[in-house]
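Chemist: What follows is work37.cif, mmCIF, C-alpha atoms.
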```
data_upload
loop_
_atom_site.label_atom_id
_atom_site.label_comp_id
_atom_site.auth_asym_id
_atom_site.auth_seq_id
_atom_site.Cartn_x
_atom_site.Cartn_y
_atom_site.Cartn_z
CA MET P 115 -130.97 44.23 -43.76
CA ARG P 116 -132.86 42.02 -46.19
CA ASP P 117 -129.70 40.10 -47.03
CA GLU P 118 -128.89 39.52 -43.38
CA VAL P 119 -132.37 38.09 -42.76
CA MET P 120 -132.13 35.93 -45.89
CA ASP P 121 -128.77 34.52 -44.75
CA HIS P 122 -130.66 32.68 -41.99
CA MET P 123 -133.09 31.00 -44.39
CA SER P 124 -133.10 28.42 -47.14
CA GLY P 125 -135.30 27.12 -49.95
CA ASP P 126 -138.80 28.35 -50.65
CA ALA P 127 -138.92 30.27 -47.37
CA ARG P 128 -136.31 32.70 -48.78
CA VAL P 129 -138.57 33.70 -51.65
CA GLU P 130 -141.68 33.99 -49.51
CA VAL P 131 -140.02 36.02 -46.76
CA GLY P 132 -138.08 38.15 -49.25
CA ASP P 133 -141.30 39.10 -51.03
CA ALA P 134 -143.02 39.84 -47.71
CA LEU P 135 -140.14 42.09 -46.64
CA GLU P 136 -140.27 44.05 -49.88
CA LEU P 137 -144.04 44.54 -49.52
CA ALA P 138 -143.69 45.65 -45.90
CA TRP P 139 -141.00 48.22 -46.70
CA ARG P 140 -143.18 49.77 -49.41
CA GLN P 141 -145.84 50.61 -46.81
CA ALA P 142 -146.06 53.73 -44.70
CA PRO P 143 -143.71 53.44 -41.70
CA GLU P 144 -146.49 52.70 -39.16
CA GLU P 145 -147.96 49.92 -41.30
CA ALA P 146 -144.50 48.62 -42.17
CA ALA P 147 -143.68 48.34 -38.46
CA LYS P 148 -146.82 46.26 -37.85
CA SER P 149 -146.09 44.00 -40.82
CA LEU P 150 -142.45 43.51 -39.86
CA ARG P 151 -143.27 42.73 -36.22
CA SER P 152 -145.83 40.20 -37.41
CA MET P 153 -143.15 38.61 -39.58
CA VAL P 154 -140.82 38.36 -36.59
CA SER P 155 -143.50 36.41 -34.71
CA LYS P 156 -144.05 34.06 -37.64
CA LEU P 157 -140.32 33.48 -38.18
CA ARG P 158 -139.44 32.89 -34.54
CA ARG P 159 -140.32 29.18 -34.48
CA ARG P 160 -138.88 27.95 -37.79
CA HIS P 161 -136.15 30.54 -38.42
CA PRO P 162 -135.07 32.05 -35.07
CA GLY P 163 -131.90 33.60 -36.50
CA ALA P 164 -133.85 35.40 -39.21
CA ALA P 165 -136.42 36.54 -36.65
CA GLU P 166 -133.72 37.95 -34.38
CA ARG P 167 -131.97 39.79 -37.22
CA LEU P 168 -135.23 41.26 -38.47
CA GLU P 169 -136.28 42.33 -35.00
CA ARG P 170 -132.93 44.07 -34.37
CA GLY P 171 -133.16 45.98 -37.64
CA ILE P 172 -136.79 47.12 -37.71
CA GLU P 173 -136.28 50.46 -36.00
CA ALA P 174 -133.20 51.42 -38.02
CA SER P 175 -134.84 50.52 -41.32
CA LEU P 176 -137.96 52.52 -40.50
CA ARG P 177 -135.96 55.57 -39.43
CA VAL P 178 -134.16 55.52 -42.76
CA ALA P 179 -137.47 55.10 -44.62
CA VAL P 180 -139.01 58.11 -42.86
CA LEU P 181 -136.05 60.25 -43.98
CA GLY P 182 -136.68 59.32 -47.62
CA VAL P 183 -133.18 57.92 -48.19
CA GLN P 184 -132.90 56.09 -51.50
CA PRO P 185 -130.86 52.98 -52.43
CA PRO P 186 -127.98 52.20 -52.33
CA LEU P 187 -127.39 54.54 -49.37
CA ARG P 188 -130.64 53.36 -47.77
CA LYS P 189 -129.42 49.77 -47.75
CA GLN P 190 -126.16 50.82 -46.12
CA LEU P 191 -127.83 52.98 -43.47
CA GLU P 192 -130.24 50.21 -42.54
CA SER P 193 -127.25 48.40 -41.14
CA THR P 194 -127.22 49.38 -37.49
CA GLY P 195 -123.41 49.37 -37.38
CA VAL P 196 -123.16 52.05 -40.05
CA VAL P 197 -125.77 54.22 -38.33
CA HIS P 198 -124.03 53.94 -34.97
CA MET P 199 -120.68 54.80 -36.56
CA ALA P 200 -122.13 57.81 -38.38
CA ILE P 201 -123.82 59.13 -35.24
CA GLU P 202 -120.79 58.54 -33.04
CA LYS P 203 -118.40 60.25 -35.46
CA SER P 204 -120.88 63.07 -36.14
CA LEU P 205 -121.21 63.79 -32.44
CA THR P 206 -117.43 63.74 -31.99
CA TRP P 207 -116.54 65.84 -35.00
CA GLY P 208 -119.49 68.23 -34.70
CA ARG P 209 -118.76 69.01 -31.05
CA SER P 210 -122.37 70.08 -30.66
CA LYS P 211 -123.80 70.51 -27.18
CA ALA P 212 -127.29 70.00 -28.57
CA GLY P 213 -128.89 66.58 -28.52
CA GLY P 214 -130.77 64.41 -30.97
CA ALA P 215 -131.03 65.34 -34.63
CA ALA P 216 -129.36 68.72 -34.05
CA ALA P 217 -126.22 67.06 -32.70
CA VAL P 218 -126.03 64.61 -35.57
CA ALA P 219 -126.78 67.33 -38.13
CA ALA P 220 -123.86 69.37 -36.76
CA GLY P 221 -121.29 66.63 -37.27
CA LEU P 222 -122.72 64.77 -40.25
CA PRO P 223 -121.29 67.17 -42.84
CA ILE P 224 -117.79 66.46 -41.51
CA TRP P 225 -118.46 62.71 -41.46
CA ARG P 226 -119.81 62.99 -45.02
CA GLN P 227 -116.63 64.71 -46.23
CA ARG P 228 -114.46 62.03 -44.69
CA THR P 229 -116.56 59.04 -45.81
CA ARG P 230 -115.92 57.54 -49.22
CA ARG P 231 -116.32 53.82 -48.62
CA LEU P 232 -120.05 53.81 -47.96
CA MET P 233 -122.08 52.73 -50.96
CA GLY P 234 -124.29 55.63 -51.97
CA TYR P 235 -122.16 58.22 -50.16
CA ARG P 236 -122.95 60.75 -52.89
CA GLU P 237 -126.50 60.89 -51.52
CA LEU P 238 -125.30 62.00 -48.08
CA PRO P 239 -125.73 65.74 -48.83
CA SER P 240 -129.45 65.15 -49.28
CA LEU P 241 -129.60 63.27 -45.98
CA VAL P 242 -127.71 66.06 -44.22
CA LYS P 243 -130.20 68.61 -45.55
CA THR P 244 -133.15 66.52 -44.36
CA LEU P 245 -131.65 66.14 -40.88
CA GLN P 246 -130.92 69.85 -40.65
CA GLU P 247 -134.51 70.66 -41.62
CA LYS P 248 -135.84 68.24 -39.00
CA ALA P 249 -133.50 69.68 -36.35
CA ALA P 250 -134.63 73.23 -37.19
CA ALA P 251 -138.29 72.22 -36.98
CA ALA P 252 -137.90 70.42 -33.64
CA PRO P 253 -139.12 72.30 -30.55
#
```
Turn the structure described in the file into structure tokens.

Modeler:
Amino acid sequence: MRDEVMDHMSGDARVEVGDALELAWRQAPEEAAKSLRSMVSKLRRRHPGAAERLERGIEASLRVAVLGVQPPLRKQLESTGVVHMAIEKSLTWGRSKAGGAAAVAAGLPIWRQRTRRLMGYRELPSLVKTLQEKAAAAP
């Protein structure tokens, strides 16, 4: 998502915002959310495109951070399109009647086996395990 935000900026602002994004994403998810939302407010006036892109990606990037996904897979999963595709295909292929993480966990192994174009795809087994553990722990 960082690259997509940076595409809407130029000059010194790129360096400043890029550094601020990196600092925010190193924080705990709750603090990162506050920092990123504050950045959206600051960017809105001078860089509305960057503000919009950042705002659209905050939730996805924080979900990935909470799961402990590492680069380069993390960077790929922070793209909302990839996440939506993975969830949609997982639900279809898993044919689970459960909802939420359990439904995704059921189909994600099949999606993982069929996915070879996603940078970092070799890290998907670890993500599948994390999702299965979260689904098992959910009430």

Chemist: May I ask for the distance between CA of Arg177 in chain P and CA of Pro223 in chain P, given in Å to one decimal place?

Modeler: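 So the answer is 19.0 Å.
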
Chemist: Once the PyMOL selection byres ((chain P and resi 234-250) around 7) is applied to the coordinates I shared, what remains selected? I want it as a PyMOL selection string.

Modeler: chain P and resi 181+183+186-187+215-216+219+222-223+226+230+232-233+251-252

Chemist: For the provided coordinates, the residues matched by the PyMOL selection byres ((chain P and resi 134) around 12) should be stated as a PyMOL selection string.

Modeler: chain P and resi 116+119-120+127-133+135-141+146+149-154+156-157

Chemist: May I ask for the distance between CA of Pro162 in chain P and CA of Met123 in chain P, given in Å to one decimal place?

Modeler: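 Value for the CA of Pro162 in chain P-CA of Met123 in chain P distance: 9.6 Å.
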
Chemist: For a cut-off of 12 Å around (-132.1, 35.3, -37.1), file coordinates, pick out all residues using all atoms listed in the file and list them as a CSV table (one decimal) with C-alpha atoms, in the frame of the given file.

Modeler:
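Heads up, here's the output in part_39.csv:
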```csv
chain,number,residue,atom,x,y,z
P,115,MET,CA,-131.0,44.2,-43.8
P,116,ARG,CA,-132.9,42.0,-46.2
P,117,ASP,CA,-129.7,40.1,-47.0
P,118,GLU,CA,-128.9,39.5,-43.4
P,119,VAL,CA,-132.4,38.1,-42.8
P,120,MET,CA,-132.1,35.9,-45.9
P,121,ASP,CA,-128.8,34.5,-44.8
P,122,HIS,CA,-130.7,32.7,-42.0
P,123,MET,CA,-133.1,31.0,-44.4
P,153,MET,CA,-143.2,38.6,-39.6
P,154,VAL,CA,-140.8,38.4,-36.6
P,155,SER,CA,-143.5,36.4,-34.7
P,157,LEU,CA,-140.3,33.5,-38.2
P,158,ARG,CA,-139.4,32.9,-34.5
P,159,ARG,CA,-140.3,29.2,-34.5
P,160,ARG,CA,-138.9,28.0,-37.8
P,161,HIS,CA,-136.2,30.5,-38.4
P,162,PRO,CA,-135.1,32.0,-35.1
P,163,GLY,CA,-131.9,33.6,-36.5
P,164,ALA,CA,-133.8,35.4,-39.2
P,165,ALA,CA,-136.4,36.5,-36.6
P,166,GLU,CA,-133.7,38.0,-34.4
P,167,ARG,CA,-132.0,39.8,-37.2
P,168,LEU,CA,-135.2,41.3,-38.5
P,169,GLU,CA,-136.3,42.3,-35.0
P,170,ARG,CA,-132.9,44.1,-34.4
P,171,GLY,CA,-133.2,46.0,-37.6
```

Chemist: Please, what distance in Å, to one decimal, runs between CA of Leu191 in chain P and CA of Glu173 in chain P?

Modeler: 11.6 Å

Chemist: Check the smallest atom-to-atom distance from each of P:Gln184, P:Ala217, P:Ile172, P:Lys189 to Glu144 in chain P using only C-alpha atoms, then report the winner.

Modeler: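 Answer, going by the shortest atom-to-atom distance: P:Ile172.
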